[in-house]
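Pasted below: coords.cif, mmCIF, C-alpha atoms.
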```
data_coords
#
loop_
_atom_site.label_atom_id
_atom_site.label_comp_id
_atom_site.auth_asym_id
_atom_site.auth_seq_id
_atom_site.Cartn_x
_atom_site.Cartn_y
_atom_site.Cartn_z
CA MET A 1 -73.18 -6.60 -0.40
CA GLN A 2 -73.76 -4.68 -3.60
CA SER A 3 -74.89 -1.67 -1.65
CA GLU A 4 -71.63 -1.74 0.40
CA LEU A 5 -69.55 -1.86 -2.78
CA ALA A 6 -71.57 0.95 -4.28
CA ALA A 7 -71.07 3.02 -1.11
CA LYS A 8 -67.31 2.43 -1.21
CA ALA A 9 -67.15 3.35 -4.90
CA GLU A 10 -69.16 6.50 -4.19
CA ARG A 11 -66.79 7.46 -1.34
CA LEU A 12 -63.76 6.80 -3.60
CA GLY A 13 -65.32 8.88 -6.33
CA PHE A 14 -65.92 11.68 -3.84
CA VAL A 15 -62.31 11.56 -2.63
CA MET A 16 -61.01 11.57 -6.19
CA ARG A 17 -63.25 14.49 -7.16
CA GLU A 18 -62.30 16.38 -4.05
CA TYR A 19 -58.55 15.60 -3.83
CA GLY A 20 -57.66 13.92 -7.17
CA ALA A 21 -56.06 16.98 -8.71
CA ASP A 22 -53.98 17.59 -5.57
CA MET A 23 -52.87 13.95 -5.47
CA VAL A 24 -51.76 14.04 -9.11
CA GLN A 25 -49.90 17.30 -8.49
CA ALA A 26 -48.21 15.86 -5.42
CA MET A 27 -47.24 12.73 -7.37
CA ILE A 28 -45.79 14.85 -10.18
CA ILE A 29 -43.83 16.94 -7.66
CA LEU A 30 -42.51 13.76 -6.06
CA VAL A 31 -41.48 12.03 -9.31
CA VAL A 32 -40.02 15.13 -10.97
CA GLY A 33 -38.34 16.11 -7.70
CA LEU A 34 -36.67 12.71 -7.30
CA LEU A 35 -35.48 12.72 -10.92
CA LEU A 36 -34.17 16.25 -10.47
CA LEU A 37 -32.50 15.19 -7.24
CA GLN A 38 -30.65 12.38 -9.02
CA PHE A 39 -29.49 14.79 -11.73
CA ILE A 40 -28.34 17.40 -9.19
CA MET A 41 -26.47 14.79 -7.13
CA ARG A 42 -24.60 13.51 -10.19
CA LYS A 43 -23.54 17.02 -11.18
CA LEU A 44 -22.64 17.91 -7.60
CA LYS A 45 -20.51 14.77 -7.24
CA VAL A 46 -18.52 15.67 -10.35
CA PHE A 47 -18.07 19.24 -9.06
CA ILE A 48 -17.00 18.18 -5.55
CA ASP A 49 -14.62 15.50 -6.87
CA LYS A 50 -12.88 18.23 -8.87
CA LYS A 51 -12.68 20.58 -5.88
CA THR A 52 -11.45 18.15 -3.20
CA LYS A 53 -9.46 14.94 -3.12
CA ASP A 54 -10.74 14.05 0.33
CA SER A 55 -13.33 11.45 -0.64
CA ALA A 56 -14.62 11.08 2.94
CA ARG A 57 -15.42 14.81 3.18
CA ALA A 58 -16.96 14.78 -0.30
CA ASN A 59 -19.24 11.88 0.63
CA THR A 60 -20.36 13.64 3.82
CA ILE A 61 -21.25 16.81 1.89
CA LEU A 62 -23.14 14.76 -0.70
CA TYR A 63 -25.11 12.89 2.00
CA ILE A 64 -26.12 16.14 3.73
CA VAL A 65 -27.22 17.80 0.49
CA TYR A 66 -29.12 14.65 -0.52
CA ILE A 67 -31.04 14.47 2.76
CA LEU A 68 -31.90 18.21 2.74
CA LEU A 69 -33.17 18.11 -0.86
CA LEU A 70 -35.14 14.93 -0.16
CA VAL A 71 -36.85 16.58 2.80
CA VAL A 72 -37.71 19.62 0.64
CA ILE A 73 -39.25 17.41 -2.08
CA ILE A 74 -41.34 15.34 0.34
CA THR A 75 -42.49 18.45 2.21
CA SER A 76 -43.54 20.13 -1.04
CA ALA A 77 -45.53 17.05 -2.05
CA LEU A 78 -47.26 16.90 1.34
CA ILE A 79 -48.13 20.62 1.29
CA THR A 80 -49.58 20.18 -2.20
CA LEU A 81 -51.73 17.36 -0.85
CA GLY A 82 -53.21 19.81 1.62
CA PHE A 83 -51.31 19.06 4.78
CA ASP A 84 -50.72 22.00 7.08
CA SER A 85 -47.20 23.26 6.43
CA ARG A 86 -46.70 24.27 10.08
CA ASN A 87 -47.51 20.75 11.26
CA ILE A 88 -45.13 19.26 8.69
CA PHE A 89 -42.26 21.49 9.78
CA ARG A 90 -42.97 20.72 13.43
CA LEU A 91 -42.96 17.02 12.59
CA ILE A 92 -39.69 17.31 10.69
CA ILE A 93 -37.99 19.26 13.48
CA LEU A 94 -39.29 16.86 16.12
CA GLY A 95 -38.18 13.85 14.07
CA ALA A 96 -34.71 15.30 13.48
CA LEU A 97 -34.24 16.18 17.14
CA ALA A 98 -35.43 12.74 18.25
CA LEU A 99 -33.07 11.06 15.79
CA ILE A 100 -30.10 13.14 16.97
CA ALA A 101 -30.92 12.43 20.62
CA ILE A 102 -31.23 8.68 20.00
CA LEU A 103 -27.97 8.60 18.01
CA LEU A 104 -26.10 10.55 20.70
CA ALA A 105 -27.46 8.36 23.45
CA LEU A 106 -26.71 5.09 21.67
CA ARG A 107 -23.43 6.14 20.08
CA PRO A 108 -21.17 4.40 22.61
CA TYR A 109 -23.13 1.18 22.16
CA LEU A 110 -23.41 1.19 18.37
CA PRO A 111 -20.80 -0.92 16.58
CA THR A 112 -18.76 1.36 14.33
CA LEU A 113 -16.34 0.39 11.61
CA PRO A 114 -12.72 1.02 12.65
CA PHE A 115 -11.89 3.05 9.53
CA LYS A 116 -13.13 5.79 7.24
CA VAL A 117 -13.34 6.11 3.48
CA GLY A 118 -9.87 6.60 2.04
CA ASN A 119 -8.04 4.67 4.78
CA THR A 120 -5.65 1.85 3.86
CA VAL A 121 -6.64 -1.16 5.92
CA LYS A 122 -6.10 -4.88 6.18
CA VAL A 123 -9.19 -6.93 6.96
CA GLY A 124 -8.38 -10.59 7.44
CA SER A 125 -6.15 -11.34 4.47
CA LEU A 126 -7.42 -8.44 2.34
CA LEU A 127 -5.30 -5.33 2.01
CA GLY A 128 -6.59 -2.24 0.22
CA VAL A 129 -8.14 1.22 0.31
CA ILE A 130 -11.69 1.71 1.60
CA GLU A 131 -13.81 3.25 -1.16
CA ALA A 132 -17.26 3.33 0.44
CA THR A 133 -19.22 2.03 3.40
CA THR A 134 -22.94 1.29 3.69
CA MET A 135 -25.08 -0.19 6.45
CA VAL A 136 -24.55 -3.68 5.04
CA HIS A 137 -21.14 -3.88 3.42
CA THR A 138 -17.86 -2.08 2.83
CA ARG A 139 -16.33 -1.60 -0.59
CA MET A 140 -12.55 -2.00 -0.73
CA LYS A 141 -10.18 -1.65 -3.66
CA THR A 142 -7.21 -3.95 -3.28
CA PHE A 143 -3.77 -3.01 -4.57
CA ASP A 144 -4.03 -5.56 -7.38
CA GLY A 145 -7.07 -3.70 -8.69
CA LYS A 146 -9.90 -5.88 -7.37
CA THR A 147 -13.05 -4.35 -5.88
CA VAL A 148 -14.12 -6.40 -2.87
CA PHE A 149 -17.44 -6.08 -1.06
CA ILE A 150 -16.92 -7.14 2.55
CA PRO A 151 -19.92 -7.68 4.84
CA ASN A 152 -19.71 -5.32 7.81
CA SER A 153 -20.52 -8.22 10.12
CA LYS A 154 -17.32 -9.94 8.99
CA ILE A 155 -15.28 -6.77 9.56
CA LEU A 156 -16.66 -6.35 13.07
CA ASN A 157 -15.73 -9.95 13.89
CA ASP A 158 -12.28 -9.98 12.33
CA PHE A 159 -8.89 -8.41 12.96
CA VAL A 160 -8.57 -5.02 11.24
CA ILE A 161 -5.27 -3.21 10.77
CA ASN A 162 -5.77 0.46 9.93
CA TYR A 163 -2.56 1.92 8.53
CA HIS A 164 -4.02 5.42 8.58
CA PHE A 165 -3.27 5.92 12.29
CA THR A 166 0.40 5.00 12.04
CA PRO A 167 2.33 6.87 9.35
CA THR A 168 5.38 4.63 9.71
CA ARG A 169 5.97 0.89 9.69
CA ARG A 170 8.86 -1.32 10.66
CA LEU A 171 10.43 -3.12 7.78
CA LYS A 172 11.65 -6.63 8.49
CA ILE A 173 14.01 -8.69 6.36
CA ASP A 174 15.41 -11.99 7.63
CA ILE A 175 18.38 -13.48 5.81
CA PRO A 176 19.77 -16.94 6.63
CA ILE A 177 23.51 -17.34 6.10
CA ARG A 178 25.70 -20.40 6.49
CA TYR A 179 27.61 -21.22 9.64
CA MET A 180 31.18 -19.99 9.80
CA LYS A 181 30.45 -17.09 7.47
CA ASP A 182 31.42 -13.61 8.56
CA ILE A 183 28.53 -12.51 10.75
CA LEU A 184 30.02 -9.10 11.52
CA ARG A 185 30.61 -8.33 7.86
CA THR A 186 27.03 -9.38 7.09
CA LYS A 187 25.73 -7.08 9.81
CA GLN A 188 27.81 -4.17 8.52
CA LEU A 189 26.61 -4.64 4.96
CA MET A 190 22.95 -4.93 5.90
CA GLU A 191 23.06 -1.96 8.25
CA ALA A 192 24.92 0.25 5.76
CA ILE A 193 22.42 -0.59 3.02
CA MET A 194 19.53 0.39 5.27
CA ILE A 195 21.16 3.60 6.49
CA GLU A 196 22.12 4.82 3.04
CA ASP A 197 18.59 4.40 1.69
CA PRO A 198 16.88 7.83 1.64
CA ARG A 199 13.54 6.29 2.63
CA THR A 200 14.61 4.74 5.93
CA LEU A 201 13.91 6.81 9.05
CA LEU A 202 15.91 7.45 12.19
CA LYS A 203 12.78 7.58 14.36
CA PRO A 204 11.15 5.78 16.08
CA ALA A 205 14.32 3.66 15.81
CA ARG A 206 17.49 3.61 13.76
CA PRO A 207 18.16 0.77 11.32
CA VAL A 208 19.58 -2.23 13.14
CA VAL A 209 20.64 -5.80 12.39
CA TYR A 210 20.27 -8.69 14.82
CA THR A 211 21.69 -12.19 14.84
CA LEU A 212 18.32 -13.75 15.41
CA ASN A 213 18.62 -17.48 15.59
CA LEU A 214 20.63 -20.59 14.98
CA VAL A 215 18.28 -23.12 13.46
CA ASP A 216 17.85 -25.51 10.52
CA GLY A 217 21.50 -25.36 9.62
CA CYS A 218 21.73 -21.59 9.28
CA VAL A 219 22.37 -18.38 11.14
CA LYS A 220 19.36 -16.14 10.78
CA MET A 221 20.20 -12.43 10.44
CA GLY A 222 17.38 -9.93 10.89
CA ALA A 223 17.37 -6.40 9.45
CA ARG A 224 14.92 -3.92 10.95
CA CYS A 225 14.24 -0.32 9.98
CA TRP A 226 11.36 2.13 9.89
CA VAL A 227 9.87 3.58 6.72
CA GLU A 228 6.80 5.57 5.74
CA ASN A 229 3.70 3.49 5.16
CA LYS A 230 3.36 4.59 1.56
CA LYS A 231 6.91 3.52 0.73
CA PHE A 232 6.95 0.31 2.76
CA TRP A 233 6.57 -2.29 0.04
CA ILE A 234 8.93 -0.84 -2.57
CA THR A 235 11.57 -0.03 0.07
CA GLN A 236 11.42 -3.60 1.32
CA CYS A 237 11.90 -4.95 -2.20
CA ASP A 238 14.79 -2.56 -2.93
CA ILE A 239 16.64 -3.22 0.32
CA LEU A 240 16.26 -6.98 -0.05
CA GLU A 241 17.67 -6.77 -3.58
CA LYS A 242 20.62 -4.65 -2.46
CA ILE A 243 21.37 -6.94 0.49
CA LEU A 244 21.37 -10.03 -1.72
CA MET A 245 23.68 -8.32 -4.23
CA ALA A 246 26.04 -7.11 -1.52
CA LEU A 247 26.25 -10.52 0.17
CA ASP A 248 26.93 -12.15 -3.18
CA ARG A 249 29.77 -9.68 -3.84
CA GLU A 250 31.32 -10.55 -0.48
CA ASN A 251 30.95 -14.30 -1.08
CA ILE A 252 28.64 -14.63 1.88
CA VAL A 253 26.50 -17.58 0.88
CA LEU A 254 22.86 -17.84 1.85
CA ALA A 255 21.93 -21.02 3.67
CA GLU A 256 19.15 -23.39 2.80
CA ARG A 257 17.17 -24.85 5.60
CA ARG A 258 18.30 -28.33 6.51
CA LYS A 259 16.76 -31.08 8.53
CA ALA A 260 18.74 -34.01 9.90
CA ILE A 261 16.85 -37.22 9.27
CA ARG A 262 18.02 -40.33 11.09
CA LEU A 263 16.66 -43.70 10.09
CA PHE A 264 16.41 -46.30 12.82
CA HIS A 265 16.20 -50.03 12.10
CA GLU A 266 15.64 -52.97 14.39
CA THR A 267 18.76 -54.62 13.03
CA PRO A 268 21.81 -52.39 12.88
CA LEU A 269 22.83 -51.38 9.38
CA GLN A 270 26.27 -50.48 8.23
CA LEU A 271 26.29 -46.79 7.38
CA SER A 272 28.10 -45.64 4.30
CA GLY A 273 29.09 -42.29 5.80
CA ASP A 274 28.37 -39.00 4.14
CA VAL A 275 26.29 -39.41 1.01
CA GLY A 276 25.29 -36.13 -0.51
CA ASN A 277 24.12 -34.05 2.41
CA PRO A 278 26.52 -34.46 5.34
CA ASP A 279 23.67 -33.99 7.82
CA ILE A 280 21.81 -37.04 6.59
CA GLU A 281 22.81 -40.52 7.60
CA THR A 282 21.66 -43.07 5.08
CA PRO A 283 21.80 -46.84 5.16
CA ALA A 284 24.22 -48.43 2.76
CA GLY A 285 22.87 -48.78 -0.74
CA GLN A 286 19.92 -46.46 -0.21
CA ALA A 287 19.47 -43.09 -1.82
CA ALA A 288 19.64 -40.06 0.43
CA PRO A 289 16.20 -38.66 1.11
CA ALA A 290 15.53 -35.10 0.03
CA ALA A 291 15.97 -33.42 3.34
CA ALA A 292 16.73 -29.89 2.39
CA ASP A 293 13.68 -27.69 2.35
CA PRO A 294 14.15 -25.38 -0.62
CA SER A 295 11.28 -23.15 0.35
CA PHE A 296 12.56 -20.09 2.06
CA SER A 297 10.92 -16.77 2.52
CA ALA A 298 13.23 -13.90 3.37
CA ILE A 299 10.34 -11.64 4.21
CA SER A 300 7.86 -12.69 6.83
CA ASP A 301 4.92 -10.71 8.09
CA ASP A 302 4.72 -11.68 11.75
CA ASP A 303 5.63 -9.09 14.30
CA GLU A 304 8.08 -10.93 16.49
CA ILE A 305 11.72 -9.93 16.27
CA MET B 1 30.92 11.89 24.42
CA LYS B 2 27.20 11.55 24.94
CA ILE B 3 25.24 8.94 23.03
CA ALA B 4 23.48 11.63 21.01
CA GLU B 5 26.84 13.17 20.09
CA ALA B 6 28.23 9.76 19.15
CA LEU B 7 25.25 9.05 16.92
CA LYS B 8 25.60 12.45 15.26
CA PHE B 9 29.30 11.78 14.71
CA ILE B 10 28.44 8.45 13.06
CA ASP B 11 25.71 10.06 10.93
CA ASP B 12 28.11 12.75 9.76
CA ASN B 13 31.05 10.50 9.04
CA TRP B 14 29.93 6.94 8.28
CA VAL B 15 27.36 6.01 5.65
CA GLN B 16 25.82 9.04 4.00
CA LYS B 17 22.14 9.17 3.15
CA PRO B 18 21.52 10.81 -0.24
CA LYS B 19 18.36 12.86 -0.60
CA GLY B 20 17.56 11.59 -4.07
CA PHE B 21 18.85 10.23 -7.33
CA ARG B 22 18.82 11.23 -10.98
CA VAL B 23 20.02 9.63 -14.17
CA CYS B 24 22.74 11.74 -15.74
CA MET B 25 23.41 11.32 -19.45
CA GLN B 26 24.90 13.09 -22.41
CA ARG B 27 23.07 13.67 -25.64
CA ARG B 28 24.47 14.88 -28.92
CA GLN B 29 22.62 17.85 -30.35
CA GLY B 30 24.13 19.02 -33.61
CA SER B 31 27.84 19.34 -33.01
CA GLU B 32 27.55 19.81 -29.25
CA TRP B 33 27.21 17.47 -26.32
CA VAL B 34 24.48 18.36 -23.86
CA THR B 35 24.23 16.95 -20.35
CA ASP B 36 20.71 15.96 -19.43
CA TYR B 37 19.06 14.56 -16.30
CA SER B 38 16.07 12.37 -15.67
CA PRO B 39 14.09 13.44 -13.71
CA GLY B 40 15.03 16.99 -14.71
CA GLU B 41 16.96 19.25 -12.36
CA LYS B 42 13.83 21.23 -11.48
CA ALA B 43 11.76 18.11 -10.78
CA ALA B 44 11.92 16.13 -7.54
CA PRO B 45 14.59 13.42 -7.65
CA LEU B 46 13.74 9.71 -7.29
CA ASP B 47 14.10 8.29 -3.77
CA SER B 48 15.25 4.84 -4.89
CA ASP B 49 18.66 4.13 -6.36
CA VAL B 50 17.40 0.74 -7.53
CA THR B 51 14.65 2.40 -9.56
CA THR B 52 17.05 5.05 -10.86
CA TRP B 53 19.61 2.47 -11.98
CA ARG B 54 16.81 0.54 -13.65
CA LEU B 55 15.80 3.72 -15.48
CA ALA B 56 19.41 4.30 -16.51
CA TRP B 57 19.73 0.74 -17.82
CA LYS B 58 16.49 0.98 -19.78
CA LEU B 59 17.62 4.26 -21.34
CA ALA B 60 20.90 2.61 -22.31
CA VAL B 61 19.35 -0.48 -23.89
CA SER B 62 16.63 1.52 -25.64
CA LYS B 63 19.23 2.93 -28.00
CA PRO B 64 22.48 1.00 -27.62
CA LEU B 65 25.63 2.68 -28.78
CA ARG B 66 26.63 1.63 -32.26
CA GLU B 67 30.10 1.52 -33.70
CA GLY B 68 31.49 4.75 -35.08
CA GLU B 69 30.55 8.26 -34.17
CA PRO B 70 27.50 8.77 -31.98
CA ARG B 71 24.55 10.05 -33.91
CA GLU B 72 22.03 12.76 -33.18
CA ASP B 73 19.98 12.08 -30.03
CA ASP B 74 22.11 9.10 -28.99
CA LEU B 75 22.34 8.82 -25.20
CA VAL B 76 25.84 8.16 -23.93
CA ASN B 77 27.67 8.07 -20.61
CA ILE B 78 24.57 7.18 -18.63
CA TYR B 79 24.97 6.88 -14.88
CA VAL B 80 23.26 7.78 -11.62
CA VAL B 81 24.03 10.85 -9.53
CA ASP B 82 22.82 12.06 -6.15
CA GLN B 83 21.33 15.46 -5.31
CA ASP B 84 24.81 17.04 -5.33
CA ASN B 85 25.61 15.62 -8.75
CA ASN B 86 28.06 13.07 -7.29
CA GLN B 87 28.26 9.80 -9.17
CA VAL B 88 26.62 6.99 -7.21
CA ASP B 89 28.04 3.46 -6.97
CA TYR B 90 26.04 0.81 -8.80
CA TYR B 91 24.51 -1.29 -6.06
CA ALA B 92 24.92 -4.48 -8.08
CA THR B 93 28.69 -4.19 -8.39
CA GLY B 94 29.55 -1.77 -5.60
CA GLU B 95 31.59 0.26 -8.07
CA LYS B 96 31.15 3.20 -10.38
CA GLU B 97 29.27 2.12 -13.48
CA ILE B 98 28.55 3.95 -16.72
CA PHE B 99 26.29 2.65 -19.46
CA ASN B 100 26.95 3.41 -23.14
CA VAL B 101 30.45 4.69 -22.43
CA CYS B 102 31.66 7.12 -25.07
CA THR B 103 34.59 9.48 -25.09
CA VAL B 104 33.17 12.93 -25.65
#
```
Take the structure in this file and express it as structure tokens.
Amino acid sequence: MQSELAAKAERLGFVMREYGADMVQAMIILVVGLLLLQFIMRKLKVFIDKKTKDSARANTILYIVYILLLVVIITSALITLGFDSRNIFRLIILGALALIAILLALRPYLPTLPFKVGNTVKVGSLLGVIEATTMVHTRMKTFDGKTVFIPNSKILNDFVINYHFTPTRRLKIDIPIRYMKDILRTKQLMEAIMIEDPRTLLKPARPVVYTLNLVDGCVKMGARCWVENKKFWITQCDILEKILMALDRENIVLAERRKAIRLFHETPLQLSGDVGNPDIETPAGQAAPAAADPSFSAISDDDEI
Amino acid sequence: MKIAEALKFIDDNWVQKPKGFRVCMQRRQGSEWVTDYSPGEKAAPLDSDVTTWRLAWKLAVSKPLREGEPREDDLVNIYVVDQDNNQVDYYATGEKEIFNVCTV
């Protein structure tokens, strides 16, 4: 037992005497090289960020430079250790070619994220700009300033809307007005407001107003127009404000949603007629239930007309 | 008349689409009145009349007109114009509107 340990120690001592200096040199090259690499990458990132605003291109350049420098550092360390430089280069070239071949062959089968850095996307209920992607997660900056790390697995299994591919969006504003109000005048006002806005587009379709529905005690008018993606939200807010102001000027009153509630009793009750809301029939002596639903959203996000 | 011609006729003669908006105002400098714009005439105009009217209102309330003669750097006769310097109707009232009205 002792003789085995002594033999091992002697072999180790021999290796250290023979190759110790080379190993220390290689280690120094590796450590100093990696520190230098970090420093160079930081400086390069600052330089590239100044030169280009395309963050996706900048990241690609940084990745390529990083990989090349890393290969140089590791190769230098291996050569210092005594490895044959020709064999190392052959190995590197073979490895690179094999990697490229595998990636090209598997590319159609590899799950890829449906966006690039810099795209504005909606993942589930999150809307924002993609800042970075890694193998594990995607970093998104939402428009209210939050940085969200989304697991890539969730992105691949969820609905993703990428606004980068479509420069325009259809703006949709639904306004409920009361029965018997001037529908044609409402249409004219809404259409004129959309047309006169410099941000609305004539293509793919001109601004248009529909009489959408007759439900919940109101006539639902729908304004539709196309705007650039970047101006979508503010244009929607502005047009809604102008429509509300214009309708108010013309005494066209917005309708609240109403529900008719009928109370049935086993024994007939004498009804007192209209109490409060004319759509609600209440038994005599009882208070009218709160039937009107005050919640109303003029802007909805679904895609149906 | 073809549909395309009809649409062009409507575009040319019905509601006009301004290219941009600016706040037009007058400022007293010494004994003279100077007309100024925001954004300036060389800068790109704003594409929202709502935003431009809001800017005009904020300029007006930042230094409301006091009684008597306007003083140096007072902003008077503030309103919104389009790219051709035509006064734009205030969307809230549907009429011409001028903030800090002052006879110059």
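Residue-level contacts from chain A to chain B at 6 Å, counting all atoms listed in the file, read Glu196, Pro198 and Met245 of chain A.
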Within 8 Å of (25.6, -16.0, 8.4) (file coordinates; only C-alpha atoms), which protein or nucleic acid residues are there? I'd like them as a ChimeraX atom specification. /A:176-183,186,218-221,252-255
Residues matched by the PyMOL selection byres ((chain B and resi 22) around 12), written as a PyMOL selection string: chain B and resi 18-21+23-25+36-56+78-88
Check what the PyMOL selection byres ((chain B and resi 76) around 12) selects in the file above and give those residues as a tab-separated table (two decimals) with C-alpha atoms, in the coordinates of the input.
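And here's part33.tsv as it stands now:
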```
chain	number	residue	atom	x	y	z
B	23	VAL	CA	20.02	9.63	-14.17
B	24	CYS	CA	22.74	11.74	-15.74
B	25	MET	CA	23.41	11.32	-19.45
B	26	GLN	CA	24.90	13.09	-22.41
B	27	ARG	CA	23.07	13.67	-25.64
B	28	ARG	CA	24.47	14.88	-28.92
B	33	TRP	CA	27.21	17.47	-26.32
B	34	VAL	CA	24.48	18.36	-23.86
B	35	THR	CA	24.23	16.95	-20.35
B	36	ASP	CA	20.71	15.96	-19.43
B	56	ALA	CA	19.41	4.30	-16.51
B	57	TRP	CA	19.73	0.74	-17.82
B	59	LEU	CA	17.62	4.26	-21.34
B	60	ALA	CA	20.90	2.61	-22.31
B	61	VAL	CA	19.35	-0.48	-23.89
B	62	SER	CA	16.63	1.52	-25.64
B	63	LYS	CA	19.23	2.93	-28.00
B	64	PRO	CA	22.48	1.00	-27.62
B	65	LEU	CA	25.63	2.68	-28.78
B	66	ARG	CA	26.63	1.63	-32.26
B	69	GLU	CA	30.55	8.26	-34.17
B	70	PRO	CA	27.50	8.77	-31.98
B	71	ARG	CA	24.55	10.05	-33.91
B	72	GLU	CA	22.03	12.76	-33.18
B	73	ASP	CA	19.98	12.08	-30.03
B	74	ASP	CA	22.11	9.10	-28.99
B	75	LEU	CA	22.34	8.82	-25.20
B	77	ASN	CA	27.67	8.07	-20.61
B	78	ILE	CA	24.57	7.18	-18.63
B	79	TYR	CA	24.97	6.88	-14.88
B	98	ILE	CA	28.55	3.95	-16.72
B	99	PHE	CA	26.29	2.65	-19.46
B	100	ASN	CA	26.95	3.41	-23.14
B	101	VAL	CA	30.45	4.69	-22.43
B	102	CYS	CA	31.66	7.12	-25.07
B	103	THR	CA	34.59	9.48	-25.09
B	104	VAL	CA	33.17	12.93	-25.65
```
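Atom pair atom CA of Gly30 of chain B / atom CA of Lys96 of chain B: separated by 29.0 Å.
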Return as AutoDock Vina command-line options the centre and edge lengths, in Å with one decimal, of the box along x, y and z that encloses every atom of segment 32-45 of chain B in the file, padded by 4 Å per side.
```
--center_x 19.7 --center_y 16.8 --center_z -18.4 --size_x 23.8 --size_y 16.9 --size_z 29.7
```
